[in-house]
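Peer 1: First, the structure itself, so that you have it in front of you.
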Amino acid sequence: MLFHNKSREETLNALSTNRENGLSSEQVAELQQKHGPNRLREKKKKTLAQRFFDQFKDVMILILIAAAIISFVIVCVEENWGELFEPGLILLIVLLNAAMGVYQEGKAEKALDALKNMSAPHARVIRDGKESVIDAADLVPGDIIKLEAGDFIPADARLLHSVSLKSEESALTGESVPSEKDAEADVAEKAPIGDRTNMVFSGCSVTYGTALAVVTATGMDTEMGRIANLLDNESETQTPLQQKLAQLGKYLGIVALAACGVIFVVGLINNTPPLEIFMTAVSLAVSAIPEGLPAIVTIVLSIGVQRMVKRNALIRRLPAVETLGGASIICSDKTGTLTQNRMTLVKAYLDGEANTEDITENNSDSIKKLLAWGTLCCDGSVVFEGETEKHIGDPTETAIVLAAHKNGMPKDSLNNTYPRLAEIPFDSDRKLMTTVNRIDGKNIVIVKGAFDMMAVRCVAGDLEKAREMTESMSENALRVLAVAYKEIDTVPQNPTSDELENGLTFMGLVGMIDPPRPEAKVAVATCRRAGIKPIMITGDHVVTASAIARELGILEDGDRAITGAQLDAMTDSELDEQVEQISVYARVSPENKIRIVKAWQRKGQVVSMTGDGVNDAPALKAADIGCAMGITGTDVAKGAADMTLTDDNFATIVEAVKEGRGIYANIKKVVGFLLGTNIGEVITVFVAMLAWAKTPLLSMQLLWINLVTDSLPAIALGMEAVEKDVMDRKPKPKNEGIFAGGLGIRVVLQGMMFAALTLIAFWIGWGGVEANLDRGRTMAFAVLALCQIVQAYNMRSEHSLFKIGVFTNRTLNLAALASVALVALVLFTPVGIAFGMVTLPPHMYLIALGLILVPLVVMELAKLLGFIRHKH
């Protein structure tokens with residue numbers, strides 16, 4: 001059914017609802033059954049079978065399967081049934097590897113789905129006569145919703161009341177300029193979507209104004225739902241790090257294939273059976289190429305993101321985790337982020353008075369009038385549920401509303417007695433909000449906002465005294481708002497700032513306190529220690545901002561605090577010269593925020609920026625890490641940000657940076673572990689073929705080692721706890737590669753160490769005079785497989801393993817036990833016969849044990865002597 005060509009009353013009747021009370025709980029339950037959740041159809045997920053068969057798209061795996069099939073055919077033709085087990089076993093190992101890949105992908109997908117659910121949008125709805133905030137997915141046709149600047153529109157809706165409303169509809173219409181909306185507009189039945197000015201549409205956003213609307217369609221019934229099939233081609237993007245690692249994997253693949261080619265040729269020259277040497281070469285290539293590395297990195301990132309959620313940081317995009325670890329500048333809003341956002345009105349000043357008056361529950365009549373008029377010019381509200389107060393909207397507004405309520409003037413009764421006739425919503429450029437109310441038979445314009453923006457618009461009142469009072473309150477860390485008014489004869493149909501916000505009479509000031517968060521001071525100190533510069537950015541008065549910044553340790557001796565006006569007067573080159581000395585920016589506009597971000601980025605710094613308003617979105621996008629406020633932030637800000645702080649707390653940003661550093665460090669550990677062990681395998685076989693024309697490991701043995709060491713220990717290593725000293729290091733440079741700090745050299749050296757140990761084991765087991773090739777291979781298999789498991793423990797930290805506690809990573813302990821069990825299964829049970837294993841003399845097991853522990857001794861010595869240490 002179309003609603004744009006129906007009146008508001010017809011729409012409400014058709015949907016069996018009313019604008020004052022909304023739907024009843026019974027109606028909502030019935031409609032949810034009928035219409036289902038308010039969600040667009042998601043891209044169809046791959047089935048388990050599809051994910052399983054995707055594992056076989058790798059060329060090397062296909063070559064290996066082909067080789068196994070050829071081997072199977074040869075066995076059948078020659079009727080040499082004793083050799084049948086080998087190709088069957090290779091296929092089994094390939095299947096097990098594929099199953100492990102499916103498990104890894106499933107784990108990553110579940111983690112990302114959980115994140116998607118956590119960042120679901122919300123809606124302000126009126127049901128059973130009460131206003132509440134619900135998940136947008138729970139909306140049904142007939143719900144009455146409230147919208148304001150910065151909100152994503154959660155469903156298609158017919159406007160019931162609108163004030164200066166504009167909606168950004170480019171996602172739906174392609175129109176880049178926001179569309180003006182009007183609840184009272186008459187629209188033709190066949191009007192295109194872009195001309196339906198009395199409707200708002202799901203997936204779009206409110207850029208200006210406020211509105212009350214009734215939901216007309218949800219989910220796939222919305223206009224966005226009708227074109228959902230066009231939106232169904234989201235590509236699965238990799239993070240920059242994953243792309244680099246995938247590229248690295250290709251280069252390693254080329255090197256491995258070249259080595260395998262040489263091995264194959266050498267084997268043929270030395271009369272090794274072609275099929276045996278071919279299988280060995282291909283198996284080595286499969287083992288050497290870390291094809292699972294990008295998937296393991298996804299899992300490590302996803303697990304890290306889950307840890308961040310527990311610390312109130314909700315990551316929207318995985319690449320942000322990589323960037324977080326390198327953050328060197330944190331630009332933070334003051335209110336609610338560095339402070340507690342528990343705004344409490346404590347002082348009021350009335351024009352013409354000598355002093356301020358403390359706010360109580362029984363203020364003077366003149367102060368009560370100031371509070372009442374201030375409340376009439378507020379959109380925020382306070383809902384009382386038993387003993388608890390629930391503040392909805394801007395905290396500065398709810399502080400005024402609560403003070404009026406405690407003085408016996410509830411907002412609802414004030415609105416009923418003095419109805420609002422018109423309004424100009426607040427925006428961060430004007431820093432003012434205006435309403436027109438009918439008070440005692442007169443049309444009174446009430447303006448509320450920043451004193452310095454208000455003063456230039458006032459023509460009456462003692463503004464010099466008011467300025468002194470503003471300064472005095474600000475120096476005591478109070479946030480100050482001014483209230484002014486004027487009387488008009490007629491209410492304009494489309495009110496503008498020029499009409500209403502001029503020729504005002506100054507009425508008074510209200511001062512509210514928002515104390516600094518205790519944890520913010522600790523977090524600022526942590527930033528300093530970690531080489532991160534904290535910067536305060538606020539719309540507040542420069543004196544107030546400086547007082548709190550000094551208390552928190554952001555503003556130190558030699559640092560400067562400047563205003564947005566001073567920033568506007570600077571050229572970009574002047575800003576570049578001075579930016580390193582400026583720690584506080586007060587009275588800033590959203591455009592100022594972008595300039596600050598870009599100035600620091602030109603210095604090569606990684607910048608984190610917080611924001612909550614619709615106008616903050618460009619700055620959030622411009623920053624390396626955009627942080628939106630989860631409580632006070634608009635939907636548009638959250639959509640533009642990389643991370644949402646669910647508690648609006650500065651300390652959470654610092655914790656997120658700490659986790660980001662920890663995650664990046666863990667990824668480096670995983671990469672170092674996998675590449676070191678894989679390089680070791682390639683060198684082992686390559687050198688043995690050149691030296692002795694014998695392969696020290698059969699194809700099955702190589703694949704089993706790959707299965708045992710490449711998956712479980714690597715994932716467990718990625719779950720290592722963040723190291724205690726991670727915030728005692730400087731941030732990593734912006735373009736630092738993953739192999740910086742000597743990791744690349746260490747990986748190659750460690751690979752050479754594994755190769756040397758394995759070749760020694762092979763030579764000892766082979767035994768020279770009483771040559772026994774199977775015994776040599778058994779020794780080589782045992783040493784290579786188990787010393788790689790030992791190496792997983794070595795890679796846990798650049799500190800001594802005994803200093804951090806050998807077995808403190810429980811996940812790695814379980815992974816190591818599973819891996820050791822799989823190696824023991826082949827070494828000590830009849831299963832080993834199929835793998836070409838033999839029982840070793842007791843002294844050889846002792847030699848093998850000694851060789852297995854060599855990596856532990858070598859790595860501990862390297863750490864002790866400072867060859868392995870983090871470069872601060």
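Every chain in the structure tokens takes a letter, A first, then B, and so on in the order presented; its residues are numbered from 1, and the ligands are numbered from 1 following the presented order.
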Range 701-716 of chain A: which residues within 8 Å, counting only C-alpha atoms, same-chain residues fewer than 2 positions away excluded, as an NGL selection string?
Peer 2: :A and (90 or 93-94 or 96-97 or 100 or 283-284 or 286-287 or 290 or 292 or 296 or 299-300 or 670 or 673-674 or 697-699 or 718-720 or 781 or 784-785 or 788-789 or 792 or 811-812 or 815-816 or 819 or 822-823 or 835)
Peer 1: Pick out the residues sitting within 6 Å of Tyr585 in chain A, and hand them over as JSON, numbers by chain; count only C-alpha atoms, and ignore anything fewer than 4 positions along from it in its own chain.
Peer 2: {"A": [537, 561, 562, 563]}
Peer 1: Output N, CA and C atoms of each residue in that selection to a file, as a PDB file, in the first residue's frame.
Peer 2:
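Result written to selection.pdb:
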```pdb
ATOM      1  N   ILE A 537      39.866  17.860  22.122  1.00  0.00           N
ATOM      2  CA  ILE A 537      39.124  18.696  21.169  1.00  0.00           C
ATOM      3  C   ILE A 537      37.705  18.833  21.718  1.00  0.00           C
ATOM      4  N   ALA A 561      46.777  25.925  24.348  1.00  0.00           N
ATOM      5  CA  ALA A 561      45.346  25.697  24.122  1.00  0.00           C
ATOM      6  C   ALA A 561      44.859  26.822  23.216  1.00  0.00           C
ATOM      7  N   ILE A 562      44.223  26.474  22.101  1.00  0.00           N
ATOM      8  CA  ILE A 562      43.736  27.511  21.188  1.00  0.00           C
ATOM      9  C   ILE A 562      42.259  27.288  20.875  1.00  0.00           C
ATOM     10  N   THR A 563      41.629  28.316  20.307  1.00  0.00           N
ATOM     11  CA  THR A 563      40.206  28.232  19.941  1.00  0.00           C
ATOM     12  C   THR A 563      40.077  27.938  18.455  1.00  0.00           C
TER      13      THR A 563
END
```
Peer 1: Please return, as a list of chain:residue names, all residues of range 475-544 of chain A that DSSP assigns to strand (DSSP E) on the basis of the backbone.
Peer 2: A:Leu478, A:Arg479, A:Val480, A:Leu481, A:Ala482, A:Val483, A:Ala484, A:Tyr485, A:Lys486, A:Glu487, A:Ile488, A:Leu504, A:Thr505, A:Phe506, A:Met507, A:Gly508, A:Leu509, A:Val510, A:Gly511, A:Met512, A:Ile513, A:Lys533, A:Pro534, A:Ile535, A:Met536, A:Ile537
Peer 1: Could you check which of A:Gly441, A:Gly737, A:Pro696, A:Gly660 is closest to Glu723 in chain A, using only C-alpha atoms?
Peer 2: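 Closest residue, counting only C-alpha atoms: A:Gly660.
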Peer 1: Do a neighbour search on range 622-638 of chain A at 6 Å with only C-alpha atoms, toss out local chain neighbours closer than 5 positions, and write the hits as a list in words.
Peer 2: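 Residues near the query, excluding close chain neighbours: Gly150, Asp151, Phe152, Val597, Val606, Val607, Ser608, Met609, Thr610, Gly611, Asp612, Gly613, Val614, Ala617, Met643, Thr644, Leu645, Thr646 and Asp648 of chain A.
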Peer 1: I need the chosen residues saved as a PDB file, in the first residue's frame, with N, CA and C atoms.
Peer 2:
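out_0.pdb written:
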```
ATOM      1  N   GLY A 150      21.424  13.116  12.375  1.00  0.00           N
ATOM      2  CA  GLY A 150      22.419  12.096  12.693  1.00  0.00           C
ATOM      3  C   GLY A 150      21.865  10.694  12.765  1.00  0.00           C
ATOM      4  N   ASP A 151      20.529  10.547  12.800  1.00  0.00           N
ATOM      5  CA  ASP A 151      19.935   9.209  12.877  1.00  0.00           C
ATOM      6  C   ASP A 151      19.916   8.549  11.507  1.00  0.00           C
ATOM      7  N   PHE A 152      20.194   7.225  11.473  1.00  0.00           N
ATOM      8  CA  PHE A 152      19.847   6.441  10.301  1.00  0.00           C
ATOM      9  C   PHE A 152      18.354   6.173  10.378  1.00  0.00           C
ATOM     10  N   VAL A 597      43.395  16.640  11.907  1.00  0.00           N
ATOM     11  CA  VAL A 597      43.763  15.280  11.482  1.00  0.00           C
ATOM     12  C   VAL A 597      44.807  15.339  10.375  1.00  0.00           C
ATOM     13  N   VAL A 606      49.928   8.430  12.915  1.00  0.00           N
ATOM     14  CA  VAL A 606      48.675   7.666  12.794  1.00  0.00           C
ATOM     15  C   VAL A 606      47.687   8.270  13.788  1.00  0.00           C
ATOM     16  N   VAL A 607      46.601   8.831  13.261  1.00  0.00           N
ATOM     17  CA  VAL A 607      45.703   9.660  14.072  1.00  0.00           C
ATOM     18  C   VAL A 607      44.384   8.953  14.361  1.00  0.00           C
ATOM     19  N   SER A 608      44.030   8.955  15.642  1.00  0.00           N
ATOM     20  CA  SER A 608      42.702   8.492  16.066  1.00  0.00           C
ATOM     21  C   SER A 608      41.878   9.727  16.422  1.00  0.00           C
ATOM     22  N   MET A 609      40.627   9.775  15.964  1.00  0.00           N
ATOM     23  CA  MET A 609      39.759  10.938  16.205  1.00  0.00           C
ATOM     24  C   MET A 609      38.399  10.458  16.697  1.00  0.00           C
ATOM     25  N   THR A 610      37.899  11.092  17.757  1.00  0.00           N
ATOM     26  CA  THR A 610      36.565  10.749  18.241  1.00  0.00           C
ATOM     27  C   THR A 610      35.543  11.730  17.684  1.00  0.00           C
ATOM     28  N   GLY A 611      34.301  11.295  17.628  1.00  0.00           N
ATOM     29  CA  GLY A 611      33.228  12.169  17.149  1.00  0.00           C
ATOM     30  C   GLY A 611      31.879  11.565  17.453  1.00  0.00           C
ATOM     31  N   ASP A 612      30.855  12.419  17.527  1.00  0.00           N
ATOM     32  CA  ASP A 612      29.520  11.890  17.794  1.00  0.00           C
ATOM     33  C   ASP A 612      28.448  12.474  16.888  1.00  0.00           C
ATOM     34  N   GLY A 613      28.671  13.664  16.331  1.00  0.00           N
ATOM     35  CA  GLY A 613      27.639  14.330  15.547  1.00  0.00           C
ATOM     36  C   GLY A 613      27.661  13.945  14.086  1.00  0.00           C
ATOM     37  N   VAL A 614      26.563  14.274  13.378  1.00  0.00           N
ATOM     38  CA  VAL A 614      26.470  13.974  11.946  1.00  0.00           C
ATOM     39  C   VAL A 614      27.568  14.715  11.181  1.00  0.00           C
ATOM     40  N   ALA A 617      31.250  13.109  10.780  1.00  0.00           N
ATOM     41  CA  ALA A 617      31.503  11.954   9.905  1.00  0.00           C
ATOM     42  C   ALA A 617      32.700  12.162   8.975  1.00  0.00           C
ATOM     43  N   MET A 643      35.548   2.315  14.670  1.00  0.00           N
ATOM     44  CA  MET A 643      35.391   1.734  16.008  1.00  0.00           C
ATOM     45  C   MET A 643      34.339   2.540  16.764  1.00  0.00           C
ATOM     46  N   THR A 644      33.507   1.853  17.538  1.00  0.00           N
ATOM     47  CA  THR A 644      32.529   2.534  18.390  1.00  0.00           C
ATOM     48  C   THR A 644      32.856   2.233  19.843  1.00  0.00           C
ATOM     49  N   LEU A 645      32.914   3.296  20.659  1.00  0.00           N
ATOM     50  CA  LEU A 645      33.164   3.124  22.091  1.00  0.00           C
ATOM     51  C   LEU A 645      31.815   2.974  22.786  1.00  0.00           C
ATOM     52  N   THR A 646      31.503   1.772  23.246  1.00  0.00           N
ATOM     53  CA  THR A 646      30.171   1.536  23.803  1.00  0.00           C
ATOM     54  C   THR A 646      29.965   2.229  25.138  1.00  0.00           C
ATOM     55  N   ASP A 648      31.678   5.348  25.665  1.00  0.00           N
ATOM     56  CA  ASP A 648      32.112   6.745  25.430  1.00  0.00           C
ATOM     57  C   ASP A 648      33.297   7.150  26.315  1.00  0.00           C
TER      58      ASP A 648
END
```
Peer 1: Report, in Å to a single decimal, how far apart CA of Ala693 in chain A and CA of Ile277 in chain A are.
Peer 2: 10.4 Å
Peer 1: Given only C-alpha atoms as the basis, pick out the residue of A:Thr778, A:Gln306, A:Thr434, A:Thr272 nearest to Leu318 in chain A.
Peer 2: A:Gln306
Peer 1: Have a look at A:Pro319, A:Pro273, A:Pro618, A:Gly352 and name the one nearest to Asp462 in chain A; count only C-alpha atoms.
Peer 2: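 Among the listed residues, A:Gly352 lies closest to Asp462 in chain A.
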Peer 1: Could you find all residues in range 669-818 of chain A that DSSP calls alpha helix (DSSP H) from the backbone, and write them as a PyMOL selection string?
Peer 2: chain A and resi 669-692+699-709+712-718+743-766+773-794+801-804+810-818
Peer 1: Find the spatial neighbours of Thr571 in chain A, counting only C-alpha atoms, within a cut-off of 12 Å - ignore same-chain residues fewer than 6 positions away - and output them as JSON, numbers by chain.
Peer 2: {"A": [577, 578, 579, 595, 596, 599]}
Peer 1: Give me the residues near range 483-490 of chain A as a ChimeraX atom specification, where near means some atom within 7 Å (using only C-alpha atoms) and where sequence neighbours in that chain fewer than 3 positions away do not count.
Peer 2: /A:374,443-449,504-509
Peer 1: For those residues, write C-alpha atoms to a file as an mmCIF file, in the first residue's frame.
Peer 2:
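Dumped everything to selection-v2.cif:
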```cif
data_model
loop_
_atom_site.group_PDB
_atom_site.id
_atom_site.type_symbol
_atom_site.label_atom_id
_atom_site.label_comp_id
_atom_site.auth_asym_id
_atom_site.auth_seq_id
_atom_site.Cartn_x
_atom_site.Cartn_y
_atom_site.Cartn_z
ATOM 1 C CA GLY A 374 15.562 26.516 29.202
ATOM 2 C CA ASN A 443 4.798 34.022 20.921
ATOM 3 C CA ILE A 444 8.131 33.788 22.718
ATOM 4 C CA VAL A 445 11.351 32.843 20.911
ATOM 5 C CA ILE A 446 13.698 31.002 23.314
ATOM 6 C CA VAL A 447 17.338 30.553 22.248
ATOM 7 C CA LYS A 448 19.787 28.323 24.125
ATOM 8 C CA GLY A 449 23.483 27.768 23.417
ATOM 9 C CA LEU A 504 17.540 38.917 21.556
ATOM 10 C CA THR A 505 17.275 39.854 25.211
ATOM 11 C CA PHE A 506 19.816 38.083 27.393
ATOM 12 C CA MET A 507 18.059 36.130 30.174
ATOM 13 C CA GLY A 508 20.721 34.220 32.094
ATOM 14 C CA LEU A 509 23.302 31.442 32.343
#
```
Peer 1: Can you pull out the residues contacting Leu801 in chain A? Cut-off 12 Å, using only C-alpha atoms, and skip same-chain residues under 2 positions away; I want them as an mmCIF file with N, CA, C and O atoms, in the first residue's frame.
Peer 2:
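What ended up in result_8.cif:
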```cif
data_model
loop_
_atom_site.group_PDB
_atom_site.id
_atom_site.type_symbol
_atom_site.label_atom_id
_atom_site.label_comp_id
_atom_site.auth_asym_id
_atom_site.auth_seq_id
_atom_site.Cartn_x
_atom_site.Cartn_y
_atom_site.Cartn_z
ATOM 1 N N VAL A 790 57.916 -27.197 19.910
ATOM 2 C CA VAL A 790 58.708 -26.456 20.906
ATOM 3 C C VAL A 790 58.856 -24.995 20.464
ATOM 4 O O VAL A 790 58.763 -24.070 21.270
ATOM 5 N N GLN A 791 59.055 -24.806 19.152
ATOM 6 C CA GLN A 791 59.237 -23.453 18.629
ATOM 7 C C GLN A 791 57.990 -22.575 18.835
ATOM 8 O O GLN A 791 58.105 -21.361 19.021
ATOM 9 N N ALA A 792 56.811 -23.196 18.823
ATOM 10 C CA ALA A 792 55.571 -22.428 19.075
ATOM 11 C C ALA A 792 55.656 -21.756 20.446
ATOM 12 O O ALA A 792 55.228 -20.603 20.612
ATOM 13 N N TYR A 793 56.220 -22.444 21.429
ATOM 14 C CA TYR A 793 56.396 -21.861 22.775
ATOM 15 C C TYR A 793 57.456 -20.756 22.739
ATOM 16 O O TYR A 793 57.300 -19.711 23.359
ATOM 17 N N ASN A 794 58.553 -20.997 21.988
ATOM 18 C CA ASN A 794 59.603 -19.977 21.882
ATOM 19 C C ASN A 794 59.070 -18.660 21.325
ATOM 20 O O ASN A 794 59.507 -17.581 21.712
ATOM 21 N N MET A 795 58.118 -18.762 20.380
ATOM 22 C CA MET A 795 57.619 -17.568 19.682
ATOM 23 C C MET A 795 56.618 -16.776 20.522
ATOM 24 O O MET A 795 56.175 -15.703 20.091
ATOM 25 N N ARG A 796 56.258 -17.264 21.688
ATOM 26 C CA ARG A 796 55.243 -16.580 22.501
ATOM 27 C C ARG A 796 55.651 -15.174 22.914
ATOM 28 O O ARG A 796 54.803 -14.293 23.064
ATOM 29 N N SER A 797 56.940 -14.958 23.131
ATOM 30 C CA SER A 797 57.381 -13.655 23.624
ATOM 31 C C SER A 797 58.844 -13.420 23.270
ATOM 32 O O SER A 797 59.601 -14.369 23.038
ATOM 33 N N GLU A 798 59.217 -12.132 23.207
ATOM 34 C CA GLU A 798 60.626 -11.789 23.026
ATOM 35 C C GLU A 798 61.353 -11.796 24.377
ATOM 36 O O GLU A 798 62.559 -11.596 24.445
ATOM 37 N N HIS A 799 60.565 -12.006 25.449
ATOM 38 C CA HIS A 799 61.151 -12.209 26.783
ATOM 39 C C HIS A 799 61.378 -13.701 26.989
ATOM 40 O O HIS A 799 60.808 -14.533 26.273
ATOM 41 N N LYS A 803 60.378 -16.477 32.141
ATOM 42 C CA LYS A 803 59.961 -15.235 32.803
ATOM 43 C C LYS A 803 58.449 -15.049 32.691
ATOM 44 O O LYS A 803 57.784 -14.617 33.632
ATOM 45 N N ILE A 804 57.883 -15.387 31.520
ATOM 46 C CA ILE A 804 56.430 -15.197 31.325
ATOM 47 C C ILE A 804 55.627 -16.407 31.804
ATOM 48 O O ILE A 804 54.410 -16.327 31.944
ATOM 49 N N GLY A 805 56.313 -17.516 32.056
ATOM 50 C CA GLY A 805 55.629 -18.745 32.482
ATOM 51 C C GLY A 805 55.444 -19.670 31.299
ATOM 52 O O GLY A 805 54.733 -19.340 30.341
ATOM 53 N N VAL A 806 56.086 -20.832 31.350
ATOM 54 C CA VAL A 806 56.119 -21.746 30.201
ATOM 55 C C VAL A 806 54.721 -22.153 29.756
ATOM 56 O O VAL A 806 54.401 -22.159 28.563
ATOM 57 N N PHE A 807 53.850 -22.466 30.703
ATOM 58 C CA PHE A 807 52.548 -23.045 30.351
ATOM 59 C C PHE A 807 51.373 -22.102 30.662
ATOM 60 O O PHE A 807 50.274 -22.559 31.003
ATOM 61 N N THR A 808 51.600 -20.795 30.545
ATOM 62 C CA THR A 808 50.518 -19.843 30.893
ATOM 63 C C THR A 808 49.516 -19.640 29.759
ATOM 64 O O THR A 808 48.455 -19.073 29.983
ATOM 65 N N ASN A 809 49.852 -20.082 28.526
ATOM 66 C CA ASN A 809 48.882 -20.035 27.424
ATOM 67 C C ASN A 809 48.178 -21.383 27.344
ATOM 68 O O ASN A 809 48.661 -22.328 26.726
ATOM 69 N N LEU A 856 64.807 -24.535 21.980
ATOM 70 C CA LEU A 856 64.511 -23.863 23.245
ATOM 71 C C LEU A 856 65.784 -23.215 23.800
ATOM 72 O O LEU A 856 65.780 -22.038 24.193
ATOM 73 N N VAL A 857 66.892 -23.980 23.801
ATOM 74 C CA VAL A 857 68.164 -23.476 24.331
ATOM 75 C C VAL A 857 68.672 -22.318 23.474
ATOM 76 O O VAL A 857 69.065 -21.269 23.993
ATOM 77 N N MET A 859 67.015 -20.276 21.415
ATOM 78 C CA MET A 859 66.163 -19.079 21.494
ATOM 79 C C MET A 859 66.319 -18.380 22.846
ATOM 80 O O MET A 859 66.313 -17.147 22.918
ATOM 81 N N GLU A 860 66.447 -19.166 23.911
ATOM 82 C CA GLU A 860 66.635 -18.552 25.238
ATOM 83 C C GLU A 860 67.964 -17.801 25.309
ATOM 84 O O GLU A 860 68.046 -16.709 25.863
ATOM 85 N N LEU A 861 69.019 -18.400 24.715
ATOM 86 C CA LEU A 861 70.324 -17.722 24.682
ATOM 87 C C LEU A 861 70.252 -16.441 23.845
ATOM 88 O O LEU A 861 70.811 -15.410 24.219
ATOM 89 N N ALA A 862 69.561 -16.522 22.713
ATOM 90 C CA ALA A 862 69.415 -15.353 21.828
ATOM 91 C C ALA A 862 68.684 -14.222 22.552
ATOM 92 O O ALA A 862 69.051 -13.048 22.429
ATOM 93 N N LYS A 863 67.651 -14.584 23.344
ATOM 94 C CA LYS A 863 66.912 -13.571 24.115
ATOM 95 C C LYS A 863 67.792 -12.990 25.221
ATOM 96 O O LYS A 863 67.792 -11.780 25.462
ATOM 97 N N LEU A 864 68.554 -13.870 25.878
ATOM 98 C CA LEU A 864 69.416 -13.440 26.984
ATOM 99 C C LEU A 864 70.514 -12.496 26.493
ATOM 100 O O LEU A 864 70.827 -11.488 27.133
#
```
